[in-house]
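Enquirer: Here you go, this is work33.txt (compact mmCIF, C-alpha atoms).
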# COMPACT_ATOMS: atom_id res chain seq x y z
CA MET A 1 140.41 135.91 90.48
CA LYS A 2 142.61 136.62 87.48
CA ALA A 3 142.29 134.85 84.14
CA ILE A 4 144.68 134.46 81.23
CA LEU A 5 143.03 134.48 77.80
CA LEU A 6 145.00 132.68 75.10
CA LEU A 7 144.55 134.85 72.01
CA GLY A 8 147.75 134.40 70.03
CA GLY A 9 146.70 131.97 67.29
CA PHE A 10 146.65 132.87 63.60
CA GLY A 11 143.11 131.58 63.02
CA THR A 12 144.05 130.03 59.70
CA ARG A 13 140.91 127.86 59.53
CA LEU A 14 138.84 131.06 59.41
CA ARG A 15 140.73 132.72 56.58
CA PRO A 16 140.11 134.99 54.76
CA LEU A 17 138.16 136.56 57.65
CA THR A 18 141.33 136.49 59.76
CA ASN A 19 143.73 137.77 57.11
CA ASP A 20 143.75 141.13 58.88
CA THR A 21 141.78 140.48 62.06
CA PRO A 22 142.46 138.13 65.00
CA LYS A 23 139.64 135.62 65.26
CA GLN A 24 138.66 136.80 68.76
CA MET A 25 138.03 140.27 67.29
CA LEU A 26 135.62 138.94 64.67
CA PRO A 27 132.08 140.16 65.36
CA VAL A 28 129.51 137.82 66.85
CA CYS A 29 126.13 139.50 66.48
CA ARG A 30 127.94 142.79 65.86
CA ARG A 31 130.10 142.59 69.00
CA PRO A 32 133.71 141.35 68.99
CA MET A 33 133.90 137.75 70.15
CA ILE A 34 136.22 138.70 73.03
CA GLU A 35 133.49 140.86 74.57
CA TRP A 36 131.19 137.83 74.87
CA VAL A 37 134.02 135.92 76.58
CA CYS A 38 134.79 138.75 79.00
CA GLU A 39 131.13 139.34 79.83
CA HIS A 40 130.79 135.67 80.78
CA LEU A 41 133.90 135.79 82.99
CA HIS A 42 132.70 138.92 84.76
CA ARG A 43 129.40 137.23 85.60
CA HIS A 44 131.38 134.46 87.28
CA GLY A 45 133.57 136.60 89.50
CA VAL A 46 136.68 137.26 87.41
CA ASP A 47 137.89 140.80 88.04
CA GLU A 48 141.02 141.06 85.88
CA ILE A 49 142.33 139.39 82.74
CA VAL A 50 145.66 139.03 81.00
CA LEU A 51 145.57 138.95 77.20
CA SER A 52 148.16 136.49 75.93
CA LEU A 53 148.77 137.91 72.48
CA GLY A 54 150.79 137.16 69.38
CA TYR A 55 149.17 137.63 65.97
CA ARG A 56 148.09 141.24 65.41
CA ALA A 57 148.23 142.16 69.08
CA GLU A 58 147.64 145.82 68.21
CA ALA A 59 144.07 145.04 67.13
CA PHE A 60 143.12 144.43 70.77
CA THR A 61 144.87 147.42 72.29
CA ALA A 62 143.55 149.74 69.57
CA ALA A 63 139.97 148.56 70.12
CA TYR A 64 140.24 148.90 73.92
CA PRO A 65 142.71 151.74 74.52
CA HIS A 66 141.63 152.46 78.11
CA GLY A 67 142.70 149.16 79.64
CA ARG A 68 139.23 147.68 80.01
CA ILE A 69 137.08 145.29 78.01
CA GLY A 70 133.58 145.78 79.30
CA GLN A 71 133.72 145.45 83.09
CA LEU A 72 137.14 143.81 83.17
CA ALA A 73 140.52 145.51 83.49
CA TYR A 74 143.19 143.89 81.37
CA GLN A 75 146.94 143.58 81.06
CA VAL A 76 148.81 142.52 77.93
CA ALA A 77 151.51 139.89 77.44
CA VAL A 78 152.79 139.84 73.84
CA GLU A 79 154.93 136.83 73.07
CA PRO A 80 158.16 137.73 71.24
CA ASP A 81 157.93 134.36 69.48
CA PRO A 82 155.45 131.43 69.48
CA ARG A 83 155.87 129.39 72.68
CA GLY A 84 153.03 126.88 72.48
CA THR A 85 149.98 126.92 74.72
CA ALA A 86 151.88 126.15 77.93
CA GLY A 87 154.71 128.51 77.06
CA ALA A 88 152.17 131.25 76.45
CA VAL A 89 150.63 130.63 79.88
CA ARG A 90 154.00 130.80 81.63
CA PHE A 91 155.02 133.96 79.74
CA ALA A 92 151.70 135.68 80.50
CA ALA A 93 151.84 134.72 84.18
CA GLU A 94 155.41 135.97 84.57
CA THR A 95 154.76 139.17 82.62
CA SER A 96 151.70 140.06 84.69
CA GLY A 97 152.99 138.85 88.07
CA ILE A 98 150.39 136.11 88.55
CA THR A 99 151.03 133.74 91.44
CA GLY A 100 148.88 131.27 93.32
CA THR A 101 145.70 130.04 91.61
CA PHE A 102 144.40 131.47 88.35
CA LEU A 103 142.20 130.68 85.35
CA VAL A 104 143.29 130.00 81.78
CA LEU A 105 140.86 130.04 78.85
CA ASN A 106 141.05 129.52 75.11
CA GLY A 107 139.84 132.85 73.79
CA ASP A 108 138.00 131.39 70.81
CA VAL A 109 135.63 129.21 72.85
CA LEU A 110 132.14 130.46 73.66
CA THR A 111 130.56 128.69 76.59
CA ASP A 112 128.01 128.95 79.40
CA LEU A 113 130.27 126.96 81.73
CA ASP A 114 129.76 127.62 85.44
CA VAL A 115 133.27 128.92 86.05
CA GLY A 116 132.57 129.40 89.75
CA ALA A 117 131.73 125.71 90.13
CA LEU A 118 135.03 124.82 88.44
CA VAL A 119 136.95 127.03 90.86
CA ARG A 120 135.13 125.57 93.87
CA LEU A 121 135.86 122.02 92.75
CA HIS A 122 139.51 122.89 92.38
CA ALA A 123 139.64 124.35 95.89
CA SER A 124 138.08 121.22 97.39
CA SER A 125 140.03 118.68 95.34
CA GLY A 126 143.56 119.63 96.31
CA ALA A 127 144.56 119.10 92.68
CA GLU A 128 147.43 120.84 90.96
CA ALA A 129 145.11 121.74 88.08
CA THR A 130 141.40 121.35 87.36
CA ILE A 131 139.90 121.39 83.87
CA ALA A 132 136.41 121.66 82.44
CA LEU A 133 135.16 118.73 80.36
CA GLN A 134 132.45 118.78 77.70
CA PRO A 135 130.58 115.71 76.38
CA VAL A 136 130.75 115.52 72.57
CA ALA A 137 129.80 113.05 69.86
CA ASP A 138 133.26 113.01 68.24
CA PRO A 139 136.33 113.68 70.41
CA SER A 140 138.92 113.43 67.62
CA PRO A 141 139.28 117.22 66.99
CA TYR A 142 139.82 117.88 70.71
CA GLY A 143 141.54 116.53 73.79
CA LEU A 144 139.89 113.27 74.87
CA VAL A 145 139.76 113.05 78.66
CA VAL A 146 138.62 110.24 80.95
CA ALA A 147 137.89 110.90 84.62
CA ASP A 148 136.65 108.64 87.40
CA PRO A 149 133.40 109.39 89.32
CA SER A 150 135.31 111.49 91.87
CA GLY A 151 136.63 113.79 89.16
CA ARG A 152 140.22 112.54 89.09
CA VAL A 153 141.51 112.46 85.52
CA LEU A 154 142.73 109.04 84.42
CA SER A 155 143.90 109.86 80.88
CA PHE A 156 144.36 112.84 78.57
CA SER A 157 144.85 112.28 74.83
CA GLU A 158 145.11 115.33 72.59
CA LYS A 159 143.31 114.94 69.23
CA PRO A 160 143.31 111.13 69.18
CA GLU A 161 142.76 109.22 65.96
CA PRO A 162 139.26 107.73 65.86
CA GLY A 163 139.33 104.31 67.54
CA SER A 164 142.93 104.73 68.72
CA ALA A 165 142.11 104.80 72.45
CA PRO A 166 139.64 102.00 73.19
CA GLU A 167 140.49 102.09 76.88
CA ALA A 168 139.12 105.63 76.96
CA LEU A 169 135.72 104.92 75.49
CA PRO A 170 132.76 105.80 77.72
CA ARG A 171 130.19 103.34 78.94
CA GLU A 172 127.36 102.47 76.61
CA GLY A 173 124.97 105.38 76.19
CA GLU A 174 127.50 107.98 77.33
CA ARG A 175 129.32 110.48 75.15
CA PRO A 176 133.09 110.88 75.43
CA THR A 177 134.33 114.00 77.19
CA VAL A 178 136.90 116.45 75.88
CA SER A 179 138.88 119.29 77.33
CA ALA A 180 136.66 122.36 77.07
CA GLY A 181 139.46 124.93 77.07
CA THR A 182 138.93 126.33 80.59
CA TYR A 183 141.46 125.49 83.31
CA VAL A 184 142.20 126.36 86.92
CA LEU A 185 145.96 126.22 87.43
CA THR A 186 148.37 126.71 90.31
CA SER A 187 151.91 128.03 90.31
CA ALA A 188 153.10 124.40 90.50
CA VAL A 189 151.94 123.99 86.89
CA LEU A 190 154.13 126.91 85.83
CA ASP A 191 157.14 125.15 87.34
CA ARG A 192 156.59 122.24 84.93
CA ILE A 193 156.82 124.46 81.82
CA ALA A 194 160.27 124.73 80.23
CA PRO A 195 161.16 128.41 79.69
CA ASP A 196 163.41 127.96 76.67
CA ARG A 197 161.27 126.17 74.07
CA PRO A 198 157.66 125.90 72.84
CA VAL A 199 155.59 123.70 75.18
CA SER A 200 152.06 122.35 74.66
CA ILE A 201 149.86 122.26 77.73
CA GLU A 202 147.64 119.62 76.12
CA ARG A 203 150.35 117.29 74.79
CA GLU A 204 152.99 117.66 77.50
CA ILE A 205 151.89 119.31 80.72
CA PHE A 206 148.46 117.77 81.35
CA PRO A 207 149.68 114.20 80.68
CA GLN A 208 152.47 114.83 83.20
CA ILE A 209 149.98 115.99 85.83
CA VAL A 210 147.73 113.00 85.08
CA ALA A 211 150.68 110.66 85.64
CA ASP A 212 151.15 112.25 89.07
CA GLY A 213 147.46 111.83 89.91
CA ALA A 214 147.04 115.58 90.33
CA LEU A 215 144.60 116.58 87.56
CA ALA A 216 140.91 117.02 88.44
CA ALA A 217 137.98 117.66 86.13
CA LEU A 218 134.42 118.96 86.12
CA VAL A 219 131.99 117.64 83.50
CA ASP A 220 129.48 120.33 82.51
CA ASP A 221 127.13 119.54 79.63
CA THR A 222 126.34 123.15 78.80
CA TYR A 223 126.49 125.41 75.78
CA TRP A 224 129.99 125.12 74.33
CA LEU A 225 131.34 126.09 70.93
CA ASP A 226 134.84 126.15 69.50
CA THR A 227 134.59 128.93 66.91
CA GLY A 228 137.60 127.93 64.81
CA THR A 229 135.89 127.10 61.50
CA PRO A 230 133.46 129.02 59.25
CA GLN A 231 130.67 126.59 60.20
CA GLN A 232 131.33 127.12 63.91
CA TYR A 233 131.71 130.88 63.55
CA LEU A 234 128.39 131.05 61.75
CA ALA A 235 126.82 128.87 64.46
CA ALA A 236 128.08 131.28 67.14
CA ASN A 237 126.06 134.07 65.54
CA LEU A 238 122.94 132.04 64.80
CA ASP A 239 122.88 130.46 68.28
CA ILE A 240 122.56 133.91 69.83
CA LEU A 241 119.77 134.83 67.42
CA ALA A 242 118.01 131.61 68.41
CA GLY A 243 118.39 132.31 72.15
CA ARG A 244 120.63 129.30 72.82
CA ARG A 245 123.11 131.28 74.93
CA ALA A 246 122.47 131.97 78.61
CA GLY A 247 122.46 135.69 79.33
CA ALA A 248 122.83 136.66 75.66
CA ARG A 249 120.68 139.54 74.57
CA VAL A 250 120.32 140.78 70.99
CA THR A 251 119.09 144.30 70.31
CA ASP A 252 118.79 146.77 67.42
CA GLY A 253 116.91 144.38 65.16
CA ILE A 254 119.96 142.30 64.31
CA ALA A 255 118.18 140.27 61.60
CA ALA A 256 117.88 143.43 59.50
CA ALA A 257 119.98 146.13 61.12
CA SER A 258 120.56 148.39 58.13
CA ASP A 259 118.39 151.09 56.59
CA GLY A 260 119.77 150.09 53.20
CA VAL A 261 117.75 146.86 52.96
CA HIS A 262 115.35 147.00 50.02
CA ALA A 263 111.73 146.30 50.83
CA ASP A 264 111.74 143.39 48.37
CA ALA A 265 114.82 141.71 49.90
CA GLN A 266 114.22 138.51 51.85
CA ILE A 267 116.24 138.20 55.08
CA ARG A 268 115.79 135.25 57.40
CA THR A 269 117.74 134.29 60.54
CA SER A 270 120.81 136.34 59.66
CA VAL A 271 123.06 139.02 61.10
CA ILE A 272 123.25 142.15 58.95
CA GLY A 273 125.98 144.63 59.83
CA ARG A 274 125.82 148.40 59.95
CA GLY A 275 125.65 150.43 56.77
CA CYS A 276 124.81 147.56 54.42
CA GLU A 277 122.98 147.86 51.10
CA ILE A 278 120.86 144.88 50.06
CA GLY A 279 119.13 145.14 46.70
CA ALA A 280 115.71 144.18 45.41
CA GLY A 281 115.04 140.46 45.32
CA ALA A 282 118.22 139.60 47.22
CA VAL A 283 117.99 136.64 49.61
CA VAL A 284 119.98 136.24 52.84
CA GLN A 285 119.37 133.16 54.99
CA ARG A 286 121.30 131.82 58.00
CA SER A 287 124.26 134.04 57.17
CA VAL A 288 126.48 136.78 58.57
CA VAL A 289 126.87 139.94 56.50
CA GLY A 290 129.57 142.27 57.79
CA ASP A 291 129.44 146.04 58.12
CA GLY A 292 129.27 148.00 54.90
CA CYS A 293 128.55 145.09 52.56
CA ARG A 294 126.70 145.57 49.27
CA LEU A 295 124.47 142.87 47.81
CA ALA A 296 123.17 143.70 44.36
CA ALA A 297 119.70 142.84 43.10
CA GLY A 298 118.96 139.14 43.03
CA ALA A 299 122.06 138.13 45.00
CA ILE A 300 121.61 134.99 47.13
CA VAL A 301 123.61 134.36 50.31
CA ILE A 302 122.73 131.19 52.25
CA ASP A 303 124.73 129.58 55.08
CA SER A 304 127.68 131.85 54.33
CA VAL A 305 129.78 134.70 55.77
CA LEU A 306 130.71 138.03 54.22
CA GLY A 307 133.53 140.09 55.68
CA ALA A 308 133.14 143.84 56.12
CA GLY A 309 132.79 145.77 52.89
CA ALA A 310 132.33 142.72 50.66
CA VAL A 311 130.40 143.19 47.41
CA VAL A 312 128.17 140.51 45.85
CA GLY A 313 127.25 141.15 42.24
CA VAL A 314 123.87 140.93 40.53
CA GLY A 315 122.45 137.42 40.64
CA ALA A 316 125.49 135.88 42.31
CA THR A 317 124.96 132.92 44.69
CA LEU A 318 126.89 131.93 47.81
CA CYS A 319 125.98 128.82 49.76
CA ASP A 320 127.29 125.82 51.73
CA TYR A 321 129.52 127.81 54.10
CA SER A 322 131.21 130.00 51.55
CA VAL A 323 133.31 132.83 52.97
CA VAL A 324 134.17 136.15 51.33
CA GLY A 325 136.92 138.28 52.82
CA SER A 326 136.71 141.96 53.72
CA ALA A 327 136.35 144.28 50.71
CA GLU A 328 136.40 141.33 48.27
CA GLN A 329 134.04 141.20 45.30
CA VAL A 330 131.94 138.35 43.94
CA ALA A 331 131.31 138.77 40.23
CA PRO A 332 127.76 139.07 38.89
CA GLY A 333 126.23 135.66 38.26
CA ALA A 334 129.04 133.78 40.02
CA VAL A 335 128.22 130.68 42.08
CA LEU A 336 130.28 129.87 45.19
CA ARG A 337 129.63 126.57 46.95
CA SER A 338 131.81 125.82 49.99
CA GLN A 339 134.37 128.26 48.58
CA ARG A 340 136.45 131.06 50.04
CA GLN A 341 137.33 134.27 48.27
CA PRO A 342 140.23 134.74 48.15
CA PRO A 343 141.24 131.10 48.79
CA PRO A 344 143.28 130.67 52.01
CA GLU A 345 146.93 129.74 51.75
CA PRO A 346 147.65 126.09 52.69
CA VAL A 347 149.12 126.54 56.18
CA SER A 348 148.43 124.77 59.48
CA ASP A 349 146.24 126.36 62.14
CA SER A 350 147.46 127.46 65.56
Spell out the structure here as structure tokens.
Expert:
Amino acid sequence: MKAILLLGGFGTRLRPLTNDTPKQMLPVCRRPMIEWVCEHLHRHGVDEIVLSLGYRAEAFTAAYPHGRIGQLAYQVAVEPDPRGTAGAVRFAAETSGITGTFLVLNGDVLTDLDVGALVRLHASSGAEATIALQPVADPSPYGLVVADPSGRVLSFSEKPEPGSAPEALPREGERPTVSAGTYVLTSAVLDRIAPDRPVSIEREIFPQIVADGALAALVDDTYWLDTGTPQQYLAANLDILAGRRAGARVTDGIAAASDGVHADAQIRTSVIGRGCEIGAGAVVQRSVVGDGCRLAAGAIVIDSVLGAGAVVGVGATLCDYSVVGSAEQVAPGAVLRSQRQPPPEPVSDS
């Protein structure tokens, strides 16, 4: 089966890490995020993917110049202009010649979803589209979905305001379910997507299919992580270190992967990139340090992320999900709490 990976967003919530790099090319335990996604798809029977690209499309083709990402062959569909999530799906399908039934995935979601089970449910349901659902504590950042016991979707509300959809609340003791960003679609869905304007699959197309009684869903309470924020990106790395991902294997001594780590440095539960220098008395805990970073003596980095080549001065402290961009410098003695360097521009995410 073929799969379309939606990779065109700007990743603004992860800036400055994404100032020059698409978020799906950010390293997760020293491998680009997209490789984790493709490895999972290959394990579940996908044999070819289409990369739906927009922002910095060349980063993907330059990293994988031979037309393969791991075990998967890929094609590329580069949108000439932003077309929304549904528009991107239609453009990618038309560009690559996809017909029949196919998968669509948000490329910044890491999950252990049983994709084969989703495909089998779709085949048996006769639905026009089938989506994966994930139970969560707070559905407001996602697409709140209610399905009956047979799997037929009754309502789909994208990013509802808390308390705005009382009819969609689960029974006592149950968590609400949200769209998990993995879909099985048919060519009939493509026919619903207007070709001449941006179209949202979550806000327009799925509610249409629900109204026609043709949207099915599979609830799978498995590992699932939207990596769109610094906290979530950090969690993606630490979850692999902690063994929370099915099939994930970490090698090369990730927690201290550089020969430049001073014997007196303290490193705990962190990812240290290649070619780093970490000085005497430096402390790194629950953090991601990119390739080629330099931490001077006494620097402290806790619950934070450093882009490749970042420099942290003597005695500087970063904590509370601070983020430093590639090649940026933190002055000696500086204290960053929940800060980004440089600060991101105030623009909306996509």
Enquirer: Neighbouring residues of Val324 in chain A were defined as those with any atom within 9 Å, considering only C-alpha atoms; residues of the same chain fewer than 6 positions away were excluded. Please report them as a VMD selection string.
Expert: chain A and resid 16 to 17 304 to 307 310 to 311 330 339 to 342
Enquirer: Rounded to one decimal in Å, what is the spacing between CA of Glu277 in chain A and CA of His262 in chain A?
Expert: 7.8 Å
Enquirer: Please provide as a list in words all residues within 10 Å of Leu51 in chain A, with the sequence filter that same-chain residues fewer than 6 positions apart are discarded (counting all atoms listed in the file).
Expert: Ala3, Ile4, Leu5, Leu6, Leu7, Gly8, Ala57, Phe60, Thr61, Tyr74, Gln75, Val76, Ala77, Val78, Ala92, Ser96 and Gly107 of chain A
Enquirer: Suppose we keep C-alpha atoms; can you now write the selection as a PDB file, keeping the file's coordinate frame?
Expert:
ATOM      1  CA  ALA A   3     142.290 134.850  84.140  1.00  0.00           C
ATOM      2  CA  ILE A   4     144.680 134.460  81.230  1.00  0.00           C
ATOM      3  CA  LEU A   5     143.030 134.480  77.800  1.00  0.00           C
ATOM      4  CA  LEU A   6     145.000 132.680  75.100  1.00  0.00           C
ATOM      5  CA  LEU A   7     144.550 134.850  72.010  1.00  0.00           C
ATOM      6  CA  GLY A   8     147.750 134.400  70.030  1.00  0.00           C
ATOM      7  CA  ALA A  57     148.230 142.160  69.080  1.00  0.00           C
ATOM      8  CA  PHE A  60     143.120 144.430  70.770  1.00  0.00           C
ATOM      9  CA  THR A  61     144.870 147.420  72.290  1.00  0.00           C
ATOM     10  CA  TYR A  74     143.190 143.890  81.370  1.00  0.00           C
ATOM     11  CA  GLN A  75     146.940 143.580  81.060  1.00  0.00           C
ATOM     12  CA  VAL A  76     148.810 142.520  77.930  1.00  0.00           C
ATOM     13  CA  ALA A  77     151.510 139.890  77.440  1.00  0.00           C
ATOM     14  CA  VAL A  78     152.790 139.840  73.840  1.00  0.00           C
ATOM     15  CA  ALA A  92     151.700 135.680  80.500  1.00  0.00           C
ATOM     16  CA  SER A  96     151.700 140.060  84.690  1.00  0.00           C
ATOM     17  CA  GLY A 107     139.840 132.850  73.790  1.00  0.00           C
TER      18      GLY A 107
END
Enquirer: Skip Pro176 in chain A itself and residues of its chain fewer than 3 positions away, then list as a ChimeraX atom specification all residues within 8 Å of it, counting all atoms listed in the file.
Expert: /A:135-139,144-146,169-170
Enquirer: Counting only C-alpha atoms, which of A:Arg56, A:Arg83, A:Lys23, A:Arg203 gets nearest to Asn106 in chain A?
Expert: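 For Asn106 in chain A, the nearest of the candidates is A:Lys23.
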Enquirer: Counting only C-alpha atoms, select every polymer residue within 9 Å of (147.2, 120.7, 79.1) as defined in the file's coordinates, and provide the selection as a list in words.
Expert: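 Nearby residues: Thr85, Ala86, Ile131, Gly143, Phe156, Glu158, Ser179, Tyr183, Ser200, Ile201, Glu202, Arg203, Glu204, Ile205, Phe206, Pro207, Gln208 and Ile209 of chain A.
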Enquirer: How would the residues just picked look written out with C-alpha atoms as a CSV table (one decimal), in the coordinates of the input?
Expert:
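Once written, again.csv looks like this:
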chain,number,residue,atom,x,y,z
A,85,THR,CA,150.0,126.9,74.7
A,86,ALA,CA,151.9,126.2,77.9
A,131,ILE,CA,139.9,121.4,83.9
A,143,GLY,CA,141.5,116.5,73.8
A,156,PHE,CA,144.4,112.8,78.6
A,158,GLU,CA,145.1,115.3,72.6
A,179,SER,CA,138.9,119.3,77.3
A,183,TYR,CA,141.5,125.5,83.3
A,200,SER,CA,152.1,122.4,74.7
A,201,ILE,CA,149.9,122.3,77.7
A,202,GLU,CA,147.6,119.6,76.1
A,203,ARG,CA,150.4,117.3,74.8
A,204,GLU,CA,153.0,117.7,77.5
A,205,ILE,CA,151.9,119.3,80.7
A,206,PHE,CA,148.5,117.8,81.4
A,207,PRO,CA,149.7,114.2,80.7
A,208,GLN,CA,152.5,114.8,83.2
A,209,ILE,CA,150.0,116.0,85.8
Enquirer: Counting only C-alpha atoms, which residues come within 12 Å of (123.3, 132.4, 75.3), with the point read in the file's coordinates, and could you list them as a CSV table (one decimal) with C-alpha atoms, in the coordinates of the input?
Expert:
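This is the output file out_0.csv:
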chain,number,residue,atom,x,y,z
A,28,VAL,CA,129.5,137.8,66.8
A,29,CYS,CA,126.1,139.5,66.5
A,36,TRP,CA,131.2,137.8,74.9
A,37,VAL,CA,134.0,135.9,76.6
A,39,GLU,CA,131.1,139.3,79.8
A,40,HIS,CA,130.8,135.7,80.8
A,110,LEU,CA,132.1,130.5,73.7
A,111,THR,CA,130.6,128.7,76.6
A,112,ASP,CA,128.0,129.0,79.4
A,113,LEU,CA,130.3,127.0,81.7
A,222,THR,CA,126.3,123.2,78.8
A,223,TYR,CA,126.5,125.4,75.8
A,224,TRP,CA,130.0,125.1,74.3
A,225,LEU,CA,131.3,126.1,70.9
A,235,ALA,CA,126.8,128.9,64.5
A,236,ALA,CA,128.1,131.3,67.1
A,237,ASN,CA,126.1,134.1,65.5
A,238,LEU,CA,122.9,132.0,64.8
A,239,ASP,CA,122.9,130.5,68.3
A,240,ILE,CA,122.6,133.9,69.8
A,241,LEU,CA,119.8,134.8,67.4
A,242,ALA,CA,118.0,131.6,68.4
A,243,GLY,CA,118.4,132.3,72.2
A,244,ARG,CA,120.6,129.3,72.8
A,245,ARG,CA,123.1,131.3,74.9
A,246,ALA,CA,122.5,132.0,78.6
A,247,GLY,CA,122.5,135.7,79.3
A,248,ALA,CA,122.8,136.7,75.7
A,249,ARG,CA,120.7,139.5,74.6
A,250,VAL,CA,120.3,140.8,71.0
Enquirer: Give me, please, the distance in Å between CA of Tyr64 in chain A and CA of Asp20 in chain A, quoted to one decimal.
Expert: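 So the answer is 17.3 Å.
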Enquirer: Provide the CA of Ala88 in chain A to CA of Gly213 in chain A distance in Å, to one decimal place.
Expert: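 Between CA of Ala88 in chain A and CA of Gly213 in chain A the gap is 24.1 Å.
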Enquirer: Restricting the calculation to all atoms listed in the file, which member of A:Gly181, A:Pro230, A:Pro141, A:Gly281 is positioned closest to Asp108 in chain A?
Expert: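 Of all the options, A:Gly181 lies closest to Asp108 in chain A.
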Enquirer: Please provide the set of residues having any atom within 10 Å of range 114-128 of chain A, restricted to all atoms listed in the file, with same-chain residues fewer than 4 positions apart removed, written as a PyMOL selection string.
Expert: chain A and resi 1+40-41+43-46+101-103+132+150-152+182-189+209-210+212-220+222
Enquirer: Since we have the selection now, will you write its residues out, keeping C-alpha atoms, as a compact mmCIF listing (two decimals), in the frame of the given file?
Expert:
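Result file again-v9.txt:
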# COMPACT_ATOMS: atom_id res chain seq x y z
CA MET A 1 140.41 135.91 90.48
CA HIS A 40 130.79 135.67 80.78
CA LEU A 41 133.90 135.79 82.99
CA ARG A 43 129.40 137.23 85.60
CA HIS A 44 131.38 134.46 87.28
CA GLY A 45 133.57 136.60 89.50
CA VAL A 46 136.68 137.26 87.41
CA THR A 101 145.70 130.04 91.61
CA PHE A 102 144.40 131.47 88.35
CA LEU A 103 142.20 130.68 85.35
CA ALA A 132 136.41 121.66 82.44
CA SER A 150 135.31 111.49 91.87
CA GLY A 151 136.63 113.79 89.16
CA ARG A 152 140.22 112.54 89.09
CA THR A 182 138.93 126.33 80.59
CA TYR A 183 141.46 125.49 83.31
CA VAL A 184 142.20 126.36 86.92
CA LEU A 185 145.96 126.22 87.43
CA THR A 186 148.37 126.71 90.31
CA SER A 187 151.91 128.03 90.31
CA ALA A 188 153.10 124.40 90.50
CA VAL A 189 151.94 123.99 86.89
CA ILE A 209 149.98 115.99 85.83
CA VAL A 210 147.73 113.00 85.08
CA ASP A 212 151.15 112.25 89.07
CA GLY A 213 147.46 111.83 89.91
CA ALA A 214 147.04 115.58 90.33
CA LEU A 215 144.60 116.58 87.56
CA ALA A 216 140.91 117.02 88.44
CA ALA A 217 137.98 117.66 86.13
CA LEU A 218 134.42 118.96 86.12
CA VAL A 219 131.99 117.64 83.50
CA ASP A 220 129.48 120.33 82.51
CA THR A 222 126.34 123.15 78.80
Enquirer: Which residue, A:Pro149, A:Gly100, A:Gly228, A:Gly333, has the smallest gap to Ala129 in chain A when you use all atoms listed in the file?
Expert: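 Of the candidates, the smallest distance to Ala129 in chain A is held by A:Gly100.
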